[in-house]
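Peer 1: Coordinates in my_file-v2.cif, mmCIF, C-alpha atoms and all ligand atoms, are listed below.
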```cif
data_data
#
loop_
_atom_site.label_atom_id
_atom_site.label_comp_id
_atom_site.auth_asym_id
_atom_site.auth_seq_id
_atom_site.Cartn_x
_atom_site.Cartn_y
_atom_site.Cartn_z
CA MET A 1 -130.47 -6.26 -137.10
CA ILE A 2 -132.21 -5.04 -140.24
CA THR A 3 -135.05 -2.51 -140.38
CA HIS A 4 -137.16 -1.00 -143.15
CA THR A 5 -138.35 1.85 -140.94
CA ALA A 6 -136.79 5.32 -140.95
CA ALA A 7 -137.92 6.06 -137.37
CA VAL A 8 -136.14 2.97 -136.02
CA ALA A 9 -132.93 4.02 -137.77
CA ALA A 10 -133.33 7.60 -136.51
CA ASN A 11 -133.67 6.44 -132.88
CA ALA A 12 -130.54 4.31 -133.19
CA LEU A 13 -128.57 7.21 -134.71
CA ARG A 14 -129.74 9.55 -131.93
CA ALA A 15 -128.59 6.97 -129.37
CA GLY A 16 -125.07 7.07 -130.87
CA HIS A 17 -125.28 3.73 -132.65
CA LEU A 18 -123.78 2.84 -136.03
CA VAL A 19 -126.45 2.46 -138.70
CA ALA A 20 -125.80 1.36 -142.28
CA LEU A 21 -127.85 3.61 -144.55
CA PRO A 22 -128.84 3.07 -148.19
CA THR A 23 -128.07 5.83 -150.68
CA GLU A 24 -128.33 5.98 -154.45
CA THR A 25 -124.52 5.51 -154.72
CA VAL A 26 -123.36 2.96 -152.11
CA TYR A 27 -124.38 2.06 -148.54
CA GLY A 28 -122.90 4.37 -145.89
CA LEU A 29 -122.02 3.52 -142.28
CA GLY A 30 -123.72 6.34 -140.42
CA ALA A 31 -122.98 7.97 -137.06
CA ASP A 32 -124.19 11.24 -135.52
CA ALA A 33 -121.70 13.80 -136.88
CA ALA A 34 -121.87 15.81 -133.64
CA ASN A 35 -121.28 12.85 -131.28
CA PRO A 36 -117.55 12.22 -130.66
CA SER A 37 -117.99 8.79 -129.06
CA ALA A 38 -120.18 7.56 -131.94
CA LEU A 39 -117.56 8.86 -134.37
CA ALA A 40 -114.74 7.15 -132.45
CA ARG A 41 -116.59 3.84 -132.75
CA LEU A 42 -117.28 4.49 -136.46
CA TYR A 43 -113.56 4.91 -137.16
CA ALA A 44 -112.67 1.88 -135.03
CA VAL A 45 -115.19 -0.40 -136.76
CA LYS A 46 -114.15 0.74 -140.23
CA GLY A 47 -110.47 0.51 -139.31
CA ARG A 48 -110.13 3.98 -140.77
CA PRO A 49 -107.30 6.39 -139.86
CA ILE A 50 -108.65 9.31 -137.81
CA ASP A 51 -107.09 11.85 -140.21
CA HIS A 52 -109.35 10.62 -143.03
CA PRO A 53 -112.49 12.84 -143.14
CA SER A 54 -116.06 11.54 -143.58
CA ILE A 55 -118.86 12.96 -145.69
CA VAL A 56 -121.67 14.52 -143.60
CA HIS A 57 -125.10 13.55 -144.96
CA LEU A 58 -128.00 15.95 -144.45
CA ALA A 59 -131.78 15.76 -144.89
CA ASP A 60 -132.45 18.92 -146.89
CA LEU A 61 -131.03 22.11 -148.31
CA ALA A 62 -132.27 24.34 -145.46
CA GLU A 63 -130.22 22.17 -143.08
CA ALA A 64 -127.15 22.42 -145.34
CA ARG A 65 -127.18 26.21 -145.12
CA THR A 66 -127.12 26.33 -141.30
CA GLY A 67 -123.80 25.92 -139.53
CA TRP A 68 -122.35 22.78 -141.10
CA SER A 69 -120.05 24.97 -143.16
CA SER A 70 -118.74 28.41 -142.18
CA THR A 71 -119.64 29.84 -145.59
CA TRP A 72 -122.35 29.03 -148.12
CA PRO A 73 -121.06 30.51 -151.38
CA ALA A 74 -123.15 31.12 -154.49
CA ALA A 75 -121.42 28.17 -156.18
CA ALA A 76 -122.62 25.84 -153.40
CA GLU A 77 -126.17 27.13 -153.77
CA ARG A 78 -126.08 26.58 -157.55
CA LEU A 79 -124.71 23.06 -157.26
CA ALA A 80 -127.10 22.16 -154.47
CA GLU A 81 -130.10 23.47 -156.43
CA ALA A 82 -128.98 21.56 -159.53
CA PHE A 83 -127.91 18.22 -158.07
CA TRP A 84 -129.29 17.66 -154.54
CA PRO A 85 -130.67 15.29 -153.56
CA GLY A 86 -128.11 13.38 -155.61
CA PRO A 87 -124.65 11.87 -156.04
CA LEU A 88 -122.66 15.08 -155.43
CA THR A 89 -120.54 15.95 -152.38
CA ILE A 90 -119.53 19.58 -151.80
CA VAL A 91 -116.43 20.47 -149.73
CA LEU A 92 -116.57 23.79 -147.84
CA PRO A 93 -114.81 25.41 -144.87
CA ALA A 94 -116.17 23.65 -141.76
CA GLY A 95 -118.78 25.30 -139.55
CA THR A 96 -119.41 24.68 -135.85
CA ARG A 97 -121.95 21.84 -136.10
CA PRO A 98 -119.78 18.90 -137.19
CA ASP A 99 -117.57 17.42 -134.47
CA PRO A 100 -113.89 17.77 -135.45
CA ALA A 101 -113.63 13.96 -135.27
CA ALA A 102 -115.68 13.78 -138.49
CA LEU A 103 -113.34 16.14 -140.32
CA GLY A 104 -109.97 14.42 -139.98
CA GLY A 105 -108.26 17.66 -139.01
CA THR A 106 -108.92 19.22 -142.42
CA GLY A 107 -110.86 22.26 -141.20
CA THR A 108 -113.22 21.57 -144.07
CA VAL A 109 -116.47 19.64 -144.29
CA ALA A 110 -117.83 17.50 -147.12
CA LEU A 111 -121.65 17.75 -147.40
CA ARG A 112 -124.12 15.60 -149.33
CA ILE A 113 -127.90 15.16 -149.50
CA PRO A 114 -128.43 11.61 -150.77
CA ASP A 115 -131.19 10.78 -153.24
CA CYS A 116 -132.89 8.16 -151.06
CA ASP A 117 -136.20 9.07 -149.39
CA LEU A 118 -135.83 6.47 -146.64
CA THR A 119 -132.39 7.70 -145.59
CA ARG A 120 -133.31 11.38 -145.82
CA GLU A 121 -136.32 10.66 -143.60
CA ALA A 122 -134.11 8.81 -141.08
CA ILE A 123 -131.67 11.74 -141.03
CA ARG A 124 -134.50 14.26 -140.68
CA LEU A 125 -136.07 12.33 -137.77
CA SER A 126 -132.68 11.94 -136.06
CA GLY A 127 -132.31 15.73 -136.00
CA ALA A 128 -128.62 15.22 -136.72
CA GLY A 129 -126.14 15.39 -139.57
CA ILE A 130 -124.82 11.90 -140.28
CA ALA A 131 -121.16 11.19 -140.94
CA ALA A 132 -121.18 8.20 -143.28
CA PRO A 133 -118.20 6.70 -145.04
CA SER A 134 -118.96 3.77 -147.31
CA ALA A 135 -120.08 0.81 -145.14
CA ASN A 136 -117.05 -1.40 -145.76
CA ARG A 137 -113.87 -2.01 -143.79
CA PHE A 138 -111.08 0.39 -144.70
CA GLY A 139 -109.53 -0.54 -148.05
CA ARG A 140 -112.32 -2.86 -149.17
CA VAL A 141 -114.77 -2.49 -152.03
CA SER A 142 -117.86 -0.34 -151.31
CA PRO A 143 -121.16 -2.14 -150.58
CA THR A 144 -124.18 -1.73 -152.86
CA THR A 145 -126.51 -4.25 -151.15
CA VAL A 146 -127.48 -5.15 -147.57
CA GLN A 147 -125.76 -8.52 -148.06
CA HIS A 148 -122.46 -6.76 -148.95
CA VAL A 149 -122.70 -4.77 -145.69
CA LEU A 150 -123.37 -7.93 -143.66
CA ASP A 151 -120.56 -9.85 -145.38
CA ASP A 152 -118.03 -7.14 -144.60
CA LEU A 153 -119.10 -5.69 -141.22
CA GLY A 154 -121.10 -8.55 -139.65
CA SER A 155 -122.21 -7.81 -136.09
CA ASP A 156 -120.06 -4.66 -135.87
CA VAL A 157 -122.90 -2.71 -137.48
CA ASP A 158 -125.70 -2.07 -134.96
CA LEU A 159 -128.50 -1.71 -137.48
CA ILE A 160 -128.99 -1.77 -141.26
CA LEU A 161 -131.71 0.33 -142.89
CA ASP A 162 -132.74 -1.79 -145.87
CA GLY A 163 -133.40 0.32 -148.96
CA GLY A 164 -132.68 -2.41 -151.48
CA PRO A 165 -129.76 -2.35 -153.95
CA CYS A 166 -128.13 1.00 -154.76
CA THR A 167 -129.06 2.28 -158.21
CA VAL A 168 -126.04 4.43 -159.19
CA GLY A 169 -123.48 2.00 -157.77
CA VAL A 170 -120.33 4.19 -157.64
CA GLU A 171 -119.50 6.78 -154.99
CA SER A 172 -120.51 10.44 -155.33
CA THR A 173 -118.63 13.06 -157.29
CA ILE A 174 -116.66 15.23 -154.83
CA VAL A 175 -116.19 18.91 -155.70
CA ASP A 176 -113.99 21.14 -153.56
CA LEU A 177 -115.18 24.75 -153.22
CA THR A 178 -112.55 25.82 -150.68
CA GLY A 179 -109.94 27.00 -153.20
CA ALA A 180 -109.73 29.81 -155.73
CA ALA A 181 -111.60 27.70 -158.31
CA PRO A 182 -113.85 24.62 -157.93
CA ARG A 183 -111.94 21.34 -158.27
CA ILE A 184 -113.17 17.79 -158.74
CA LEU A 185 -111.55 15.49 -156.16
CA ARG A 186 -113.35 12.28 -157.19
CA PRO A 187 -115.37 11.58 -160.36
CA GLY A 188 -118.88 10.14 -160.03
CA ALA A 189 -122.21 10.16 -161.82
CA ILE A 190 -122.32 13.98 -161.82
CA THR A 191 -119.77 14.76 -164.54
CA ALA A 192 -117.44 17.72 -165.04
CA GLU A 193 -119.67 18.87 -167.91
CA MET A 194 -122.75 18.83 -165.67
CA LEU A 195 -120.91 20.83 -162.99
CA GLU A 196 -119.66 23.31 -165.58
CA ALA A 197 -123.16 23.82 -166.94
CA ALA A 198 -124.53 24.48 -163.46
CA LEU A 199 -121.67 26.80 -162.46
CA GLY A 200 -121.34 28.57 -165.80
CA ILE A 201 -117.53 28.17 -165.77
CA SER A 202 -115.10 25.59 -167.08
CA LEU A 203 -113.33 23.25 -164.69
CA SER A 204 -109.94 21.63 -164.91
CA THR A 205 -110.91 18.27 -166.37
CA SER A 206 -107.58 16.50 -166.05
CA LEU A 207 -108.40 14.05 -163.29
CA GLU A 208 -105.01 12.40 -163.68
CA THR A 209 -103.23 15.50 -162.40
CA ALA A 210 -105.96 16.72 -160.07
CA PRO A 211 -105.36 16.44 -156.33
CA ARG A 212 -107.18 13.49 -154.80
CA ALA A 213 -109.47 13.59 -151.82
CA PRO A 214 -107.33 13.11 -148.69
CA GLY A 215 -106.60 9.51 -147.84
CA THR A 216 -107.77 8.16 -151.18
CA LEU A 217 -105.47 5.27 -151.96
CA ALA A 218 -105.54 3.16 -155.09
CA ALA A 219 -106.23 0.08 -153.00
CA HIS A 220 -109.55 1.52 -151.79
CA TYR A 221 -111.37 0.34 -154.85
CA ALA A 222 -109.57 -2.97 -155.35
CA PRO A 223 -110.90 -6.50 -154.94
CA ARG A 224 -108.52 -9.18 -153.60
CA LEU A 225 -107.72 -10.52 -157.09
CA PRO A 226 -105.11 -8.69 -159.17
CA VAL A 227 -106.82 -6.46 -161.75
CA VAL A 228 -105.89 -5.75 -165.37
CA VAL A 229 -107.86 -3.16 -167.35
CA VAL A 230 -108.17 -3.23 -171.14
CA GLU A 231 -109.82 -0.88 -173.63
CA SER A 232 -111.26 -3.61 -175.85
CA LEU A 233 -112.77 -7.07 -175.63
CA GLU A 234 -110.23 -8.27 -178.25
CA GLU A 235 -107.40 -7.55 -175.82
CA ALA A 236 -109.15 -9.45 -173.02
CA ILE A 237 -109.82 -12.45 -175.26
CA SER A 238 -106.15 -12.57 -176.25
CA LEU A 239 -104.96 -13.05 -172.62
CA THR A 240 -105.20 -16.83 -172.94
CA ASP A 241 -102.34 -17.77 -170.60
CA ARG A 242 -104.37 -17.12 -167.42
CA GLN A 243 -107.69 -18.34 -165.99
CA ILE A 244 -109.55 -15.05 -165.88
CA ALA A 245 -112.69 -13.52 -164.44
CA LEU A 246 -113.83 -11.28 -167.28
CA VAL A 247 -115.86 -8.13 -166.61
CA ALA A 248 -117.51 -7.32 -169.96
CA ASP A 249 -120.81 -6.98 -171.81
CA ALA A 250 -121.81 -10.67 -171.94
CA SER A 251 -124.18 -10.10 -174.86
CA ASP A 252 -121.20 -9.47 -177.18
CA PRO A 253 -121.26 -12.22 -179.86
CA ARG A 254 -117.48 -12.67 -179.52
CA LEU A 255 -118.18 -14.25 -176.10
CA SER A 256 -120.41 -17.01 -177.53
CA PRO A 257 -119.20 -19.61 -177.07
CA GLN A 258 -117.40 -18.50 -173.92
CA PRO A 259 -113.61 -18.66 -174.47
CA PRO A 260 -112.07 -21.55 -172.46
CA HIS A 261 -109.73 -19.31 -170.42
CA VAL A 262 -112.71 -17.25 -169.19
CA LEU A 263 -113.52 -18.98 -165.93
CA ALA A 264 -116.22 -16.48 -164.98
CA LEU A 265 -118.03 -14.06 -167.28
CA LEU A 266 -119.23 -11.12 -165.20
CA ASP A 267 -121.82 -9.17 -167.14
CA THR A 268 -121.71 -5.35 -167.13
CA GLY A 269 -124.82 -5.03 -169.28
CA ASP A 270 -124.62 -2.86 -172.37
CA SER A 271 -124.49 0.65 -170.85
CA ALA A 272 -122.17 2.60 -168.55
CA GLU A 273 -125.12 2.99 -166.16
CA SER A 274 -125.65 -0.76 -165.79
CA TYR A 275 -121.87 -1.24 -165.48
CA ALA A 276 -121.72 1.29 -162.62
CA GLU A 277 -124.73 -0.22 -160.87
CA ARG A 278 -123.19 -3.71 -160.95
CA LEU A 279 -119.50 -2.82 -160.58
CA TYR A 280 -118.93 -3.61 -156.90
CA SER A 281 -121.04 -6.79 -157.02
CA LEU A 282 -118.99 -7.98 -160.01
CA LEU A 283 -115.69 -7.28 -158.20
CA ARG A 284 -116.92 -9.37 -155.25
CA GLN A 285 -118.03 -12.20 -157.55
CA ALA A 286 -114.60 -12.18 -159.19
CA ASP A 287 -112.99 -12.78 -155.79
CA THR A 288 -114.99 -15.98 -155.26
CA SER A 289 -114.78 -17.22 -158.89
CA GLY A 290 -111.59 -19.24 -158.55
CA ALA A 291 -109.89 -17.16 -161.29
CA ASP A 292 -106.36 -15.88 -160.73
CA LEU A 293 -106.80 -12.59 -162.56
CA LEU A 294 -109.63 -10.12 -163.06
CA VAL A 295 -109.71 -8.56 -166.52
CA ALA A 296 -112.08 -5.62 -166.92
CA VAL A 297 -113.03 -4.09 -170.26
CA LEU A 298 -113.28 -0.37 -169.53
CA PRO A 299 -116.41 1.54 -170.62
CA PRO A 300 -115.93 4.39 -173.11
CA ILE A 301 -114.84 7.79 -171.75
CA GLY A 302 -117.73 10.07 -170.76
CA GLY A 303 -120.62 10.21 -168.30
CA VAL A 304 -120.51 7.75 -165.40
CA GLY A 305 -118.01 5.75 -167.49
CA ASP A 306 -115.33 8.14 -166.20
CA ALA A 307 -116.03 7.13 -162.59
CA ILE A 308 -115.88 3.42 -163.49
CA ARG A 309 -112.60 3.98 -165.35
CA ASP A 310 -111.23 5.87 -162.33
CA ARG A 311 -112.09 3.09 -159.82
CA LEU A 312 -110.90 0.22 -162.05
CA THR A 313 -107.69 1.93 -163.14
CA ARG A 314 -106.84 2.59 -159.51
CA ALA A 315 -107.66 -1.03 -158.61
CA ALA A 316 -105.35 -2.15 -161.42
CA THR A 317 -102.41 0.02 -160.36
CA SER A 318 -102.60 -1.25 -156.77
CA ALA A 319 -102.24 -4.89 -157.87
O1 LIG B 401 -121.33 8.25 -152.49
C1 LIG B 401 -120.64 8.49 -151.49
O2 LIG B 401 -119.93 9.51 -151.41
C2 LIG B 401 -120.67 7.49 -150.34
C3 LIG B 401 -122.08 7.49 -149.76
C4 LIG B 401 -122.20 6.66 -148.50
O3 LIG B 401 -122.49 8.81 -149.52
N1 LIG B 401 -119.70 7.80 -149.35
C5 LIG B 401 -118.37 7.58 -149.52
O4 LIG B 401 -117.62 7.85 -148.39
O5 LIG B 401 -117.89 7.19 -150.56
P1 LIG B 401 -116.09 7.44 -148.24
O6 LIG B 401 -115.73 7.85 -146.87
O7 LIG B 401 -115.90 6.04 -148.58
O8 LIG B 401 -115.38 8.40 -149.24
C6 LIG B 401 -115.45 9.77 -148.97
C7 LIG B 401 -114.31 10.49 -149.61
C8 LIG B 401 -112.97 10.14 -149.01
O9 LIG B 401 -112.03 9.96 -150.04
C9 LIG B 401 -112.63 11.38 -148.19
O10 LIG B 401 -111.25 11.63 -148.16
C10 LIG B 401 -113.38 12.46 -148.93
O11 LIG B 401 -114.57 11.87 -149.34
N2 LIG B 401 -113.69 13.56 -148.01
C11 LIG B 401 -114.48 13.53 -146.93
N3 LIG B 401 -114.45 14.72 -146.29
C12 LIG B 401 -113.63 15.52 -147.01
C13 LIG B 401 -113.17 16.85 -146.86
N4 LIG B 401 -113.54 17.59 -145.84
N5 LIG B 401 -112.32 17.33 -147.79
C14 LIG B 401 -111.94 16.57 -148.84
N6 LIG B 401 -112.33 15.30 -149.03
C15 LIG B 401 -113.15 14.78 -148.12
MG MG B 402 -115.12 4.35 -149.16
#
```
Go ahead and express the file in the form of C-alpha cells.
Peer 2:
Amino acid sequence: MITHTAAVAANALRAGHLVALPTETVYGLGADAANPSALARLYAVKGRPIDHPSIVHLADLAEARTGWSSTWPAAAERLAEAFWPGPLTIVLPAGTRPDPAALGGTGTVALRIPDCDLTREAIRLSGAGIAAPSANRFGRVSPTTVQHVLDDLGSDVDLILDGGPCTVGVESTIVDLTGAAPRILRPGAITAEMLEAALGISLSTSLETAPRAPGTLAAHYAPRLPVVVVESLEEAISLTDRQIALVADASDPRLSPQPPHVLALLDTGDSAESYAERLYSLLRQADTSGADLLVAVLPPIGGVGDAIRDRLTRAATSA
C-alpha cells in the first residue's frame, strides 16, 4: 500500500510494521528502533545479517540529545547544528533508547535527521526513533523512487510513504565520533571539507585507507551487470569490443552520433549533483538494457562527486 500521509505512516510504525520512508538521499525501510520484533522482521525482509547495524532516524535535534546516545559531545552538536536536517549520519556510543537489535552488537548508534518534512513528521507522530536501512534487499542497489522500492521489496513492505524521487540520490555521509578523532566511514553529499569547516579541525581525507562502516561490502552498490569505471569519455568510446551501457553526460558532442557499440546511453546530466540524483536509476536501467558491460565515466574529484566515485569504484571491484 502507498500513502502520502505522515499520520498513516506513523500509525503503521507504532504498530510495528515496516514502512518505506522517503529521505533526501535514498528511501529507507523503517521500523521502530525500540521494538525488537519489528527489527527482527526488518532484518529478515532485507536479508541483512543481524550484526550489521542500522541508522536510527530522528525527528529533531532535541530528540537526538535524549538517550539515543550515551554522550552528546560538542562535535556532535556542531555537526548537527550545521548539517541537520540533512545527509549526515553521526556515530556515537549507544544510549538506552535504541534496542540492541538495531545496533548489530556494536555498542554504538548511528543517528540521522533526514531532510524530508514528510518523513520527519511521520517520525515525530510515531513518537519513536526509526531504524531504517536503505529499502532494498541486502546487496542490491539503493532505491531512489517508490517504483524502485516496489520492484525490489514487493509485498514484503507493509506501507510506502510516497515523497516522490529522492533529490540527493546517494546515501548519507557517515562520520564516526566514537574514537580519538572524527573519522569519515562513508562519503556522501556532506564532504570532508564541509565537516572540517564545521568542526574547525582537519580530518584524515584518505578514504582509500579509512576503515569502512561495518558490513559495507563492495557488492552493496553494484548492479547485476559487470562494471568498468573510466576517467574520461575517450576511454569509454575506445572500448569497442563489447556492447556497452554507457553512463556519461549525453550532451557531449563526441556522443553524437551515438557510437555503434553503445547499446544504451544513460545520461548523468552535466553536473555531479545530477549524476548523484540519477545514479541508482541509471544502474537499474543498465541491468535491463541488454548490454553485457556497464561503463561509467567517473565525475571529477570533489563535492558529491567523491561519493559517486566511491560507489562506482566499489561496484567495479566487485565485478
Ligand atoms: O542516506 C542514508 O544513510 C540512507 C537513508 C535511508 O537514511 N540509509 C542507508 O542505510 O544508507 P544502510 O543501512 O543502507 O547503510 C547504513 C550504513 C551501513 O554501512 C552500516 O554499517 C552503517 O551505516 N552503520 C549503521 N550503524 C552504524 C554504527 N553504529 N557504526 C558504524 N556504522 C554504522
Ligand atoms: Mg544500503
Peer 1: For ligand LIG 401 (chain B), list the contacting residues at 6 Å or closer, counting all atoms listed in the file, as a PyMOL selection string.
Peer 2: chain A and resi 25-28+52-55+91+103+106+108-110+132-134+171-172+213-216
Peer 1: With C-alpha atoms retained, export the selected residues as an mmCIF file, in the frame of the given file.
Peer 2:
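Listed below is the output, selection-v9.cif:
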```cif
data_model
loop_
_atom_site.group_PDB
_atom_site.id
_atom_site.type_symbol
_atom_site.label_atom_id
_atom_site.label_comp_id
_atom_site.auth_asym_id
_atom_site.auth_seq_id
_atom_site.Cartn_x
_atom_site.Cartn_y
_atom_site.Cartn_z
ATOM 1 C CA THR A 25 -124.520 5.510 -154.720
ATOM 2 C CA VAL A 26 -123.360 2.960 -152.110
ATOM 3 C CA TYR A 27 -124.380 2.060 -148.540
ATOM 4 C CA GLY A 28 -122.900 4.370 -145.890
ATOM 5 C CA HIS A 52 -109.350 10.620 -143.030
ATOM 6 C CA PRO A 53 -112.490 12.840 -143.140
ATOM 7 C CA SER A 54 -116.060 11.540 -143.580
ATOM 8 C CA ILE A 55 -118.860 12.960 -145.690
ATOM 9 C CA VAL A 91 -116.430 20.470 -149.730
ATOM 10 C CA LEU A 103 -113.340 16.140 -140.320
ATOM 11 C CA THR A 106 -108.920 19.220 -142.420
ATOM 12 C CA THR A 108 -113.220 21.570 -144.070
ATOM 13 C CA VAL A 109 -116.470 19.640 -144.290
ATOM 14 C CA ALA A 110 -117.830 17.500 -147.120
ATOM 15 C CA ALA A 132 -121.180 8.200 -143.280
ATOM 16 C CA PRO A 133 -118.200 6.700 -145.040
ATOM 17 C CA SER A 134 -118.960 3.770 -147.310
ATOM 18 C CA GLU A 171 -119.500 6.780 -154.990
ATOM 19 C CA SER A 172 -120.510 10.440 -155.330
ATOM 20 C CA ALA A 213 -109.470 13.590 -151.820
ATOM 21 C CA PRO A 214 -107.330 13.110 -148.690
ATOM 22 C CA GLY A 215 -106.600 9.510 -147.840
ATOM 23 C CA THR A 216 -107.770 8.160 -151.180
#
```
Peer 1: So how far away is CA of Gly129 in chain A from CA of Gly67 in chain A, in Å?
Peer 2: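 Taking CA of Gly67 in chain A and CA of Gly129 in chain A, their separation equals 10.8 Å.
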Peer 1: Would you pick out the contacts of Ala75 in chain A at 12 Å or less, using only C-alpha atoms, so that residues sharing its chain but fewer than 6 positions from it are not included, and give the list as a list in words?
Peer 2: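 Listing them by chain and then by number gives Glu81, Ala82, Ile90, Val91, Leu92, Val175, Asp176, Leu177, Thr178, Gly179, Ala180, Ala181, Pro182, Arg183, Leu195, Glu196, Ala197, Ala198, Leu199, Gly200 and Ile201 of chain A.
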Peer 1: List all protein, DNA and RNA residues that have at least one atom no more than 8 Å from any atom of ligand MG 402 (chain B), counting all atoms listed in the file, and write them as a PyMOL selection string.
Peer 2: chain A and resi 133-136+138-142+171+220-221
Peer 1: Those same residues - C-alpha atoms - I'd like them written as a tab-separated table (two decimals), in the frame of the given file.
Peer 2:
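Generated file (result.tsv):
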```
chain	number	residue	atom	x	y	z
A	133	PRO	CA	-118.20	6.70	-145.04
A	134	SER	CA	-118.96	3.77	-147.31
A	135	ALA	CA	-120.08	0.81	-145.14
A	136	ASN	CA	-117.05	-1.40	-145.76
A	138	PHE	CA	-111.08	0.39	-144.70
A	139	GLY	CA	-109.53	-0.54	-148.05
A	140	ARG	CA	-112.32	-2.86	-149.17
A	141	VAL	CA	-114.77	-2.49	-152.03
A	142	SER	CA	-117.86	-0.34	-151.31
A	171	GLU	CA	-119.50	6.78	-154.99
A	220	HIS	CA	-109.55	1.52	-151.79
A	221	TYR	CA	-111.37	0.34	-154.85
```
Peer 1: Tell me, in Å to one decimal, how far CA of Ser238 in chain A is from CA of Ser289 in chain A.
Peer 2: 19.9 Å
Peer 1: Which residue is closest to Gly169 in chain A? Choose from A:Ala15, A:Ala74, A:Ala272, A:Leu58 and count all atoms listed in the file.
Peer 2: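 For Gly169 in chain A, the nearest of the given residues is A:Ala272.
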Peer 1: Rounded to one decimal, what separation in Å do you get between CA of Val229 in chain A and CA of Arg309 in chain A?
Peer 2: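 These atoms are spaced 8.8 Å apart.
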Peer 1: Return the single residue from A:Arg41, A:His148, A:Arg314, A:Arg278 that is closest to Thr167 in chain A, with distances computed using all atoms listed in the file.
Peer 2: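 For Thr167 in chain A, the nearest of the given residues is A:Arg278.
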